[in-house]
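File shown here: start20.cif, holding mmCIF, C-alpha atoms.
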```
data_my_file
loop_
_atom_site.label_atom_id
_atom_site.label_comp_id
_atom_site.auth_asym_id
_atom_site.auth_seq_id
_atom_site.Cartn_x
_atom_site.Cartn_y
_atom_site.Cartn_z
CA MET A 1 50.28 50.06 -6.94
CA SER A 2 48.32 52.71 -8.76
CA LEU A 3 47.37 56.03 -7.26
CA PHE A 4 43.77 54.79 -7.19
CA ASP A 5 44.67 51.82 -4.99
CA PHE A 6 46.45 54.19 -2.63
CA PHE A 7 43.33 56.23 -2.02
CA PHE A 8 40.95 53.27 -2.05
CA PRO A 9 42.81 50.43 -0.34
CA LYS A 10 41.46 46.88 -0.81
CA ARG A 11 39.52 45.49 2.12
CA PRO A 12 39.16 41.78 2.88
CA ALA A 13 36.21 40.11 1.12
CA THR A 14 33.31 40.51 3.51
CA ALA A 15 31.25 37.75 1.87
CA SER A 16 33.50 35.05 3.30
CA ILE A 17 33.14 36.57 6.77
CA ALA A 18 29.36 36.51 6.32
CA LYS A 19 29.43 32.86 5.30
CA GLU A 20 31.56 31.82 8.23
CA ARG A 21 29.41 33.70 10.75
CA LEU A 22 26.22 32.22 9.30
CA GLN A 23 27.58 28.67 9.40
CA ILE A 24 28.48 29.02 13.07
CA VAL A 25 25.23 30.62 14.22
CA LEU A 26 23.03 28.26 12.17
CA ALA A 27 24.83 25.15 13.43
CA HIS A 28 24.01 26.32 16.93
CA GLU A 29 20.38 27.22 16.18
CA ARG A 30 19.68 23.98 14.30
CA ALA A 31 20.94 21.93 17.24
CA GLY A 32 18.48 23.70 19.54
CA ARG A 33 15.61 23.37 17.08
CA GLU A 34 16.05 19.63 16.60
CA SER A 35 15.49 18.82 20.26
CA PRO A 36 11.83 17.84 20.26
CA ASP A 37 9.43 19.48 22.69
CA PHE A 38 8.30 16.17 24.18
CA LEU A 39 11.50 15.78 26.22
CA PRO A 40 10.31 17.53 29.40
CA ARG A 41 7.05 15.53 29.33
CA LEU A 42 8.92 12.29 28.75
CA GLN A 43 11.13 13.12 31.70
CA ARG A 44 8.11 13.71 33.97
CA GLU A 45 6.37 10.50 32.93
CA LEU A 46 9.53 8.44 33.33
CA LEU A 47 9.96 9.89 36.77
CA ALA A 48 6.42 8.85 37.66
CA VAL A 49 7.08 5.27 36.55
CA VAL A 50 10.46 4.98 38.24
CA THR A 51 9.23 6.43 41.54
CA LYS A 52 6.71 3.58 41.71
CA TYR A 53 9.62 1.23 42.28
CA VAL A 54 12.50 3.31 43.53
CA ALA A 55 12.54 6.50 45.54
CA VAL A 56 14.24 8.86 43.11
CA HIS A 57 14.20 12.60 43.09
CA GLU A 58 13.13 14.76 40.13
CA ASP A 59 16.64 15.82 39.23
CA MET A 60 17.95 12.27 39.29
CA ILE A 61 16.49 11.56 35.87
CA ARG A 62 18.01 13.23 32.87
CA VAL A 63 16.75 12.88 29.31
CA ASN A 64 18.91 14.06 26.43
CA LEU A 65 18.77 13.83 22.68
CA GLY A 66 22.20 13.71 21.13
CA LYS A 67 23.84 12.66 17.91
CA ALA A 68 26.19 9.76 17.24
CA GLY A 69 27.28 9.88 13.64
CA SER A 70 24.15 9.85 11.50
CA ALA A 71 21.86 8.39 14.19
CA SER A 72 20.01 10.33 16.86
CA VAL A 73 20.53 8.92 20.32
CA LEU A 74 17.99 9.31 23.07
CA GLU A 75 19.88 9.08 26.30
CA ILE A 76 18.09 8.46 29.60
CA ASN A 77 20.10 8.65 32.79
CA VAL A 78 18.61 7.47 36.06
CA GLU A 79 20.64 7.92 39.17
CA MET A 80 19.88 5.33 41.85
CA PRO A 81 19.71 6.75 45.36
CA ALA A 82 20.49 3.75 47.61
CA ALA A 83 23.79 2.48 46.31
CA ALA A 84 25.74 5.51 45.24
CA GLY A 85 27.70 4.99 42.06
CA SER A 86 25.39 2.31 40.62
CA LYS A 87 24.06 4.12 37.64
CA ALA A 88 21.51 2.71 35.25
CA LYS A 89 21.92 3.94 31.77
CA ALA A 90 19.60 3.25 28.89
CA LYS A 91 20.14 4.17 25.31
CA ALA A 92 17.56 4.01 22.59
CA VAL A 93 17.50 5.13 18.99
CA PRO A 94 14.17 6.84 18.29
CA ALA A 95 12.16 5.94 15.24
CA MET B 1 3.49 28.91 -0.87
CA VAL B 2 5.92 31.81 -1.06
CA THR B 3 7.77 32.53 2.18
CA SER B 4 11.02 33.97 3.54
CA GLY B 5 10.84 34.71 7.24
CA LYS B 6 12.34 38.15 6.75
CA GLY B 7 10.36 41.05 5.33
CA GLY B 8 11.20 43.07 2.25
CA VAL B 9 13.05 40.34 0.38
CA GLY B 10 10.52 40.01 -2.45
CA LYS B 11 7.75 37.61 -1.38
CA THR B 12 4.91 39.62 -2.90
CA THR B 13 6.88 40.41 -6.06
CA THR B 14 7.63 36.70 -6.37
CA SER B 15 4.02 35.66 -5.67
CA ALA B 16 2.77 38.06 -8.35
CA ALA B 17 5.39 36.90 -10.85
CA PHE B 18 4.75 33.20 -10.20
CA ALA B 19 0.98 33.55 -10.38
CA ALA B 20 1.22 35.50 -13.65
CA GLY B 21 3.82 33.09 -15.05
CA LEU B 22 1.76 29.99 -14.27
CA ALA B 23 -1.42 31.56 -15.67
CA LEU B 24 0.43 32.56 -18.86
CA ARG B 25 1.30 28.90 -19.27
CA GLY B 26 -2.40 28.10 -19.27
CA HIS B 27 -2.80 26.93 -15.67
CA LYS B 28 -5.80 28.26 -13.80
CA THR B 29 -4.12 30.11 -10.93
CA VAL B 30 -5.19 32.09 -7.89
CA VAL B 31 -2.84 34.16 -5.75
CA ILE B 32 -3.88 34.74 -2.12
CA ASP B 33 -2.61 37.47 0.18
CA PHE B 34 -2.13 36.04 3.70
CA ASP B 35 -0.75 39.27 5.14
CA VAL B 36 -3.84 40.27 7.13
CA GLY B 37 -3.78 43.94 8.06
CA LEU B 38 -1.02 44.82 5.61
CA ARG B 39 -2.67 44.23 2.25
CA ASN B 40 -0.26 44.81 -0.63
CA LEU B 41 -0.67 42.09 -3.23
CA ASP B 42 -3.58 44.07 -4.74
CA LEU B 43 -1.26 47.03 -5.39
CA VAL B 44 1.52 44.92 -6.86
CA MET B 45 -1.05 43.19 -9.10
CA GLY B 46 -2.65 46.51 -10.04
CA CYS B 47 -6.18 45.66 -8.86
CA GLU B 48 -6.39 47.77 -5.68
CA ARG B 49 -9.46 49.65 -6.89
CA ARG B 50 -11.39 46.50 -7.63
CA VAL B 51 -11.30 45.02 -4.11
CA VAL B 52 -14.83 44.62 -2.77
CA PHE B 53 -14.76 41.54 -0.56
CA ASP B 54 -11.71 39.91 0.98
CA PHE B 55 -10.36 36.69 2.50
CA ILE B 56 -11.80 37.43 5.96
CA ASN B 57 -15.25 38.20 4.50
CA VAL B 58 -15.23 34.77 2.86
CA ILE B 59 -14.00 33.03 6.01
CA ASN B 60 -16.76 34.69 8.03
CA GLY B 61 -19.37 33.79 5.43
CA ASP B 62 -20.16 37.43 4.58
CA ALA B 63 -19.30 36.82 0.92
CA ASN B 64 -18.72 33.82 -1.28
CA LEU B 65 -15.55 33.05 -3.19
CA ASN B 66 -16.84 34.26 -6.55
CA GLN B 67 -17.65 37.65 -5.06
CA ALA B 68 -14.17 38.05 -3.58
CA LEU B 69 -11.95 36.72 -6.37
CA ILE B 70 -10.70 39.42 -8.75
CA ARG B 71 -10.16 38.30 -12.33
CA ASP B 72 -6.98 39.74 -13.84
CA LYS B 73 -7.70 41.93 -16.86
CA ARG B 74 -4.43 41.15 -18.64
CA ILE B 75 -4.04 37.41 -18.21
CA ASP B 76 -6.66 34.69 -18.64
CA ASN B 77 -6.83 32.07 -15.89
CA LEU B 78 -5.42 34.48 -13.28
CA TYR B 79 -7.34 35.47 -10.15
CA ILE B 80 -6.34 37.59 -7.18
CA PHE B 81 -7.71 36.95 -3.69
CA PRO B 82 -7.05 40.04 -1.57
CA THR B 83 -6.71 39.99 2.19
CA SER B 84 -8.44 42.18 4.74
CA GLN B 85 -7.12 45.35 6.34
CA THR B 86 -8.44 44.32 9.76
CA ARG B 87 -6.07 44.69 12.69
CA ASP B 88 -7.29 41.41 14.14
CA LYS B 89 -4.38 39.13 13.20
CA GLU B 90 -6.21 36.04 14.44
CA ALA B 91 -9.00 36.59 11.93
CA LEU B 92 -7.59 33.80 9.76
CA LYS B 93 -9.39 31.01 11.58
CA ARG B 94 -8.04 27.53 10.95
CA GLU B 95 -11.39 25.91 9.97
CA GLY B 96 -12.34 28.84 7.75
CA VAL B 97 -9.02 28.75 5.91
CA ASP B 98 -9.30 24.95 5.55
CA ARG B 99 -12.74 25.32 3.96
CA VAL B 100 -11.64 28.08 1.56
CA MET B 101 -8.53 26.13 0.52
CA ALA B 102 -10.57 22.98 -0.11
CA GLU B 103 -13.00 24.97 -2.23
CA LEU B 104 -10.19 26.62 -4.24
CA LYS B 105 -8.48 23.26 -4.80
CA LYS B 106 -11.54 22.04 -6.69
CA ASP B 107 -11.31 24.90 -9.15
CA PHE B 108 -7.66 25.85 -9.56
CA ASP B 109 -4.50 24.16 -10.83
CA TYR B 110 -2.27 26.33 -8.65
CA ILE B 111 -2.97 28.24 -5.45
CA ILE B 112 -0.14 30.68 -4.65
CA CYS B 113 -0.10 31.76 -1.00
CA ASP B 114 1.79 34.99 -0.37
CA SER B 115 2.95 34.61 3.23
CA PRO B 116 3.49 37.54 5.58
CA ALA B 117 6.95 38.02 7.07
CA GLY B 118 7.70 36.64 10.50
CA ILE B 119 6.67 33.40 12.19
CA GLU B 120 3.34 34.53 13.64
CA HIS B 121 -0.20 33.32 13.01
CA GLY B 122 -0.52 34.52 9.40
CA ALA B 123 2.78 32.98 8.31
CA LEU B 124 2.00 29.71 10.09
CA THR B 125 -1.47 29.56 8.48
CA ALA B 126 0.01 30.17 5.04
CA LEU B 127 2.64 27.47 5.40
CA TYR B 128 0.27 24.95 7.01
CA HIS B 129 -1.43 24.11 3.71
CA ALA B 130 1.66 24.15 1.52
CA ASP B 131 2.53 21.30 -0.82
CA ALA B 132 5.52 23.23 -2.15
CA ALA B 133 7.36 26.23 -0.73
CA VAL B 134 9.37 28.85 -2.59
CA ILE B 135 11.81 30.27 -0.04
CA VAL B 136 12.73 33.77 -1.13
CA THR B 137 16.18 34.73 0.16
CA ASN B 138 18.49 37.70 -0.33
CA PRO B 139 22.24 37.05 -0.30
CA GLU B 140 22.53 38.76 3.05
CA VAL B 141 23.08 37.36 6.58
CA SER B 142 19.73 38.23 8.19
CA SER B 143 17.71 36.93 5.27
CA VAL B 144 19.64 33.63 5.09
CA ARG B 145 19.25 33.09 8.82
CA ASP B 146 15.49 33.77 8.73
CA SER B 147 15.10 31.45 5.74
CA ASP B 148 16.79 28.70 7.71
CA ARG B 149 14.34 29.29 10.54
CA ILE B 150 11.36 29.08 8.18
CA ILE B 151 12.74 25.86 6.66
CA GLY B 152 12.80 24.40 10.18
CA ILE B 153 9.21 25.49 10.81
CA LEU B 154 8.06 24.01 7.47
CA ALA B 155 9.53 20.69 8.53
CA SER B 156 7.67 20.66 11.83
CA LYS B 157 4.50 22.75 11.57
CA SER B 158 3.08 22.15 8.09
CA ARG B 159 0.05 19.96 7.46
CA ARG B 160 2.31 17.45 5.72
CA ALA B 161 4.61 17.31 8.75
CA GLU B 162 1.67 16.99 11.11
CA LYS B 163 0.11 14.15 9.13
CA ARG B 164 3.52 12.57 8.52
CA GLU B 165 3.05 12.78 4.77
CA LYS B 166 5.76 13.44 2.19
CA PRO B 167 7.56 16.64 3.30
CA VAL B 168 6.78 20.00 1.70
CA GLU B 169 8.77 20.41 -1.52
CA GLU B 170 11.33 23.19 -0.92
CA HIS B 171 12.71 25.58 -3.55
CA LEU B 172 15.29 28.28 -2.97
CA LEU B 173 14.83 31.51 -4.90
CA LEU B 174 17.72 33.93 -4.53
CA THR B 175 16.54 37.49 -5.19
CA ARG B 176 18.25 40.89 -5.43
CA TYR B 177 21.41 39.16 -6.61
CA SER B 178 24.35 41.32 -7.80
CA PRO B 179 26.89 39.22 -9.71
CA ASP B 180 29.23 42.23 -9.72
CA ARG B 181 29.28 42.46 -5.96
CA VAL B 182 29.66 38.68 -5.64
CA GLN B 183 32.71 38.84 -7.88
CA LYS B 184 34.18 41.58 -5.69
CA GLY B 185 33.65 39.39 -2.62
CA GLU B 186 31.09 41.81 -1.17
CA MET B 187 28.07 39.53 -1.42
CA LEU B 188 27.36 35.88 -0.57
CA SER B 189 27.43 33.86 -3.78
CA VAL B 190 24.69 31.54 -4.95
CA GLU B 191 26.96 28.59 -4.07
CA ASP B 192 27.46 29.97 -0.55
CA VAL B 193 23.72 30.27 0.08
CA LYS B 194 22.99 26.84 -1.41
CA GLU B 195 25.64 25.30 0.79
CA ILE B 196 24.39 26.99 3.95
CA LEU B 197 20.67 26.27 3.46
CA SER B 198 20.98 23.00 1.47
CA VAL B 199 17.76 23.59 -0.43
CA PRO B 200 17.63 23.01 -4.22
CA LEU B 201 17.94 26.22 -6.21
CA LEU B 202 14.91 27.24 -8.28
CA GLY B 203 16.30 30.48 -9.64
CA ILE B 204 18.41 33.58 -9.31
CA ILE B 205 16.66 36.92 -9.71
CA PRO B 206 19.16 39.71 -10.39
CA GLU B 207 18.87 43.05 -8.63
CA SER B 208 17.01 45.17 -11.17
CA GLU B 209 15.50 48.62 -11.37
CA THR B 210 12.63 47.15 -13.35
CA VAL B 211 11.19 45.48 -10.22
CA LEU B 212 10.41 48.86 -8.65
CA LYS B 213 9.11 50.21 -11.95
CA ALA B 214 6.79 47.22 -12.29
CA SER B 215 5.35 47.61 -8.80
CA ASN B 216 4.96 51.37 -9.37
CA THR B 217 2.54 50.60 -12.17
CA GLY B 218 0.93 47.49 -10.68
CA MET B 219 2.25 45.08 -13.27
CA PRO B 220 3.85 41.72 -12.38
CA VAL B 221 7.50 42.07 -13.44
CA ILE B 222 7.30 38.83 -15.42
CA LEU B 223 5.14 40.67 -17.98
CA ASP B 224 8.07 42.97 -18.83
CA PRO B 225 10.14 41.10 -21.43
CA ALA B 226 12.84 43.78 -21.29
CA SER B 227 13.42 43.18 -17.59
CA PRO B 228 16.26 40.84 -16.57
CA ALA B 229 14.33 40.09 -13.36
CA GLY B 230 11.22 39.31 -15.43
CA ARG B 231 13.16 36.87 -17.61
CA ALA B 232 14.73 35.30 -14.53
CA TYR B 233 11.24 34.80 -13.04
CA GLU B 234 10.08 33.24 -16.29
CA ASP B 235 12.96 30.75 -16.04
CA ALA B 236 12.12 30.00 -12.41
CA VAL B 237 8.46 29.32 -13.22
CA ALA B 238 9.51 27.04 -16.10
CA ARG B 239 11.78 25.08 -13.74
CA PHE B 240 8.99 24.92 -11.17
CA VAL B 241 6.76 23.10 -13.66
CA GLY B 242 9.61 20.74 -14.54
CA GLU B 243 11.37 22.31 -17.53
CA GLN B 244 15.15 22.44 -17.78
CA ARG B 245 16.52 25.96 -18.05
CA GLU B 246 20.08 27.19 -17.90
CA MET B 247 20.81 29.21 -14.72
CA ARG B 248 21.29 32.74 -16.05
CA PHE B 249 22.35 35.95 -14.26
CA GLN B 250 25.14 34.30 -12.28
CA LEU B 251 27.93 36.32 -13.86
CA PRO B 252 28.34 40.08 -14.29
CA GLU B 253 27.08 41.49 -17.57
CA ARG B 254 29.80 42.26 -20.08
CA ARG B 255 30.39 45.97 -20.11
CA GLY B 256 31.81 48.50 -22.52
CA PHE B 257 35.56 49.13 -22.48
CA LEU B 258 35.39 52.38 -20.52
CA ARG B 259 32.89 51.25 -17.88
CA GLY B 260 34.84 48.05 -17.49
CA TRP B 261 38.05 49.91 -16.91
CA PHE B 262 36.54 52.31 -14.38
CA GLY B 263 34.73 49.45 -12.66
CA ARG B 264 38.03 47.62 -12.15
CA ALA B 265 39.85 50.70 -10.96
CA ALA B 266 37.23 51.43 -8.35
CA SER B 267 37.14 47.96 -6.83
#
```

Is it possible to give me this structure as structure tokens?
Amino acid sequence: MSLFDFFFPKRPATASIAKERLQIVLAHERAGRESPDFLPRLQRELLAVVTKYVAVHEDMIRVNLGKAGSASVLEINVEMPAAAGSKAKAKAVPA
Amino acid sequence: MVTSGKGGVGKTTTSAAFAAGLALRGHKTVVIDFDVGLRNLDLVMGCERRVVFDFINVINGDANLNQALIRDKRIDNLYIFPTSQTRDKEALKREGVDRVMAELKKDFDYIICDSPAGIEHGALTALYHADAAVIVTNPEVSSVRDSDRIIGILASKSRRAEKREKPVEEHLLLTRYSPDRVQKGEMLSVEDVKEILSVPLLGIIPESETVLKASNTGMPVILDPASPAGRAYEDAVARFVGEQREMRFQLPERRGFLRGWFGRAAS
């Protein structure tokens, strides 16, 4: 170790820290960005259709866009009020 | 369209260099300043004293295009379209901009739109019409993050996205790059940024004192053959029009024995 290294000790490479932090924050932000803004509207319209036939409450329908491998999966959960536990579940892959 | 999300990374420098570079290659080119209220392209292009009418005047019908376009005195085929200094940011009305762009398309081979920073009205208007986007990024966390955001907006808010046409062509331009600092592990490398953004690389512009000198005098840096940044821009423009060029400025310059020794000792 030279005298120089003693006075100016080596610090860890900050570039790799930057890369890691960016990869984490961007993965998070991209996930949020990819959820399309039609989901709340879709949820409302579905609710309107379902309530024509079954008495369901607003929070008994959940619409989610997730990922399964390379495909996007639109998941629609409708909870049926009468018989507890009977849960209709529909899955569709959007175009 | 030249964009970045973040401010101060080199959008206007890049717009000026690209416009000059394309015109030098014989393409009739116009460069438009979309940064309403913060006009600066005129200064960087050295035509600030020749501005009579601006973009907003043309949109409002107070002047026609020929009255507002400034012909560059150094380069044939190059025109500058300055923006207005109005504080009304919404002055860039959609229909007006559509009409001006359609009119320019008839006359010009290339229309370079210098986008303002941010994701507000001016930036969205500039990116709406884009067929190709040069995303100017510094190897620095805030710039990379903002570039990623702009890439997302391009994919959802551009005219091509709206009309479900072929997506906007994306090009990454890494500016203010210091190979020395990359080698020391102090700066994100070109490979790091490419991997994070996954956009094809158009060029690397090295950090260079000549960029400031060029803007001081109002000359696009590409016109300075002694400038490493100018040569790097020339390469980037060549690649943009489809030529193959080796990617220069990735490694530190070779230095003299003494500087090399001191450089190592100090790291």

For the structure provided, state which residues fall under the PyMOL selection byres ((chain A) within 6 of (chain B)), and present them as a ChimeraX atom specification. /A:13-15

Could you expand the PyMOL selection byres ((chain A and resi 43-59) around 9) into the explicit residues it covers here, written as a ChimeraX atom specification? /A:38-42,60-63,76,78-82

Rows by chain and residue number, region 3-109 of chain B within 7 Å of region 113-117 of chain B, shortest pair, only C-alpha atoms, as CSV:
```
residue,atom,partner,partner_atom,distance
B:Thr3,CA,B:Ser115,CA,5.4
B:Ser4,CA,B:Ala117,CA,6.7
B:Gly5,CA,B:Ala117,CA,5.1
B:Lys6,CA,B:Ala117,CA,5.4
B:Gly7,CA,B:Ala117,CA,4.9
B:Lys11,CA,B:Asp114,CA,6.6
B:Thr12,CA,B:Asp114,CA,6.1
B:Ser15,CA,B:Asp114,CA,5.8
B:Val31,CA,B:Cys113,CA,6.0
B:Ile32,CA,B:Cys113,CA,4.9
B:Asp33,CA,B:Asp114,CA,5.1
B:Phe34,CA,B:Ser115,CA,5.3
B:Asp35,CA,B:Pro116,CA,4.6
```

If I take CA of Ile111 (chain B) and CA of Val199 (chain B), how far is one from the other in Å, to one decimal? 21.8 Å

Distance in Å - CA of Met219 (chain B) versus CA of Thr125 (chain B):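 Between CA of Met219 (chain B) and CA of Thr125 (chain B) the gap is 27.0 Å.
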
At what distance in Å, to one decimal, does CA of His129 (chain B) lie from CA of Lys163 (chain B)?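 Those two atoms sit 11.4 Å apart.
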
For the PyMOL selection byres ((chain B and resi 28-30) around 6), applied here, can you spell out every residue it catches as a list in words?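 Checked against the file, the PyMOL selection byres ((chain B and resi 28-30) around 6) matches Ala23, His27, Val31, Asn77, Leu78, Tyr79, Ile80, Phe108, Asp109, Tyr110 and Ile111 of chain B.
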
Counting all atoms listed in the file, which residue out of B:Val44, B:Met247, B:Ile204, B:Ala102 sits closest to Asn138 (chain B)?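 Of the candidates, the smallest distance to Asn138 (chain B) is held by B:Ile204.
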
For a cutoff of 12 Å around the file-coordinate point (13.5, 39.9, -16.6), which residues qualify once you count all atoms listed in the file? I'd like the result as a ChimeraX atom specification. /B:17,21,204-211,214,220-236,248-249

Contacts of Leu201 (chain B) within 8 Å, all atoms listed in the file, excl. fewer than 4 positions in-chain, as a list in words: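 Contacts, with the query itself left out: His171, Leu172, Leu173, Leu174 and Lys194 of chain B.
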
As a short mmCIF file (atom, residue, chain, number, x, y, z; two decimals), in the frame of the given file, please: region 128-137 of chain B completed to all heavy atoms.
```cif
data_model
loop_
_atom_site.label_atom_id
_atom_site.label_comp_id
_atom_site.auth_asym_id
_atom_site.auth_seq_id
_atom_site.Cartn_x
_atom_site.Cartn_y
_atom_site.Cartn_z
N TYR B 128 0.93 26.19 6.59
CA TYR B 128 0.27 24.95 7.01
C TYR B 128 -0.22 24.13 5.81
O TYR B 128 -0.06 22.92 5.75
CB TYR B 128 -0.89 25.26 7.96
CG TYR B 128 -1.57 24.01 8.46
CD1 TYR B 128 -0.98 23.24 9.47
CD2 TYR B 128 -2.78 23.56 7.91
CE1 TYR B 128 -1.57 22.09 9.92
CE2 TYR B 128 -3.37 22.39 8.37
CZ TYR B 128 -2.76 21.66 9.37
OH TYR B 128 -3.36 20.50 9.80
N HIS B 129 -0.82 24.84 4.83
CA HIS B 129 -1.43 24.11 3.71
C HIS B 129 -0.49 23.80 2.56
O HIS B 129 -0.90 23.21 1.57
CB HIS B 129 -2.61 24.93 3.17
CG HIS B 129 -3.74 25.02 4.14
ND1 HIS B 129 -3.87 26.03 5.04
CD2 HIS B 129 -4.77 24.17 4.37
CE1 HIS B 129 -4.93 25.82 5.78
NE2 HIS B 129 -5.50 24.70 5.40
N ALA B 130 0.77 24.21 2.69
CA ALA B 130 1.66 24.15 1.52
C ALA B 130 1.99 22.73 1.08
O ALA B 130 2.20 21.83 1.90
CB ALA B 130 2.95 24.89 1.84
N ASP B 131 1.98 22.52 -0.23
CA ASP B 131 2.53 21.30 -0.82
C ASP B 131 3.95 21.57 -1.29
O ASP B 131 4.80 20.68 -1.28
CB ASP B 131 1.68 20.86 -2.02
CG ASP B 131 0.28 20.47 -1.59
OD1 ASP B 131 0.16 19.74 -0.58
OD2 ASP B 131 -0.69 20.91 -2.23
N ALA B 132 4.19 22.80 -1.72
CA ALA B 132 5.52 23.23 -2.15
C ALA B 132 5.77 24.62 -1.60
O ALA B 132 4.84 25.42 -1.47
CB ALA B 132 5.61 23.24 -3.67
N ALA B 133 7.02 24.91 -1.28
CA ALA B 133 7.36 26.23 -0.73
C ALA B 133 8.49 26.85 -1.54
O ALA B 133 9.50 26.20 -1.80
CB ALA B 133 7.78 26.11 0.72
N VAL B 134 8.28 28.09 -1.97
CA VAL B 134 9.37 28.85 -2.59
C VAL B 134 9.94 29.75 -1.49
O VAL B 134 9.24 30.60 -0.95
CB VAL B 134 8.85 29.69 -3.77
CG1 VAL B 134 9.97 30.59 -4.31
CG2 VAL B 134 8.32 28.78 -4.88
N ILE B 135 11.19 29.51 -1.12
CA ILE B 135 11.81 30.27 -0.04
C ILE B 135 12.63 31.39 -0.66
O ILE B 135 13.67 31.16 -1.27
CB ILE B 135 12.67 29.34 0.84
CG1 ILE B 135 11.75 28.29 1.48
CG2 ILE B 135 13.41 30.11 1.90
CD1 ILE B 135 12.33 26.94 1.59
N VAL B 136 12.11 32.60 -0.52
CA VAL B 136 12.73 33.77 -1.13
C VAL B 136 13.82 34.28 -0.18
O VAL B 136 13.56 34.56 0.99
CB VAL B 136 11.69 34.88 -1.38
CG1 VAL B 136 12.33 36.07 -2.08
CG2 VAL B 136 10.52 34.35 -2.20
N THR B 137 15.04 34.37 -0.68
CA THR B 137 16.18 34.73 0.16
C THR B 137 17.05 35.76 -0.56
O THR B 137 17.29 35.66 -1.75
CB THR B 137 17.03 33.46 0.45
OG1 THR B 137 16.18 32.45 0.97
CG2 THR B 137 18.14 33.75 1.43
#
```
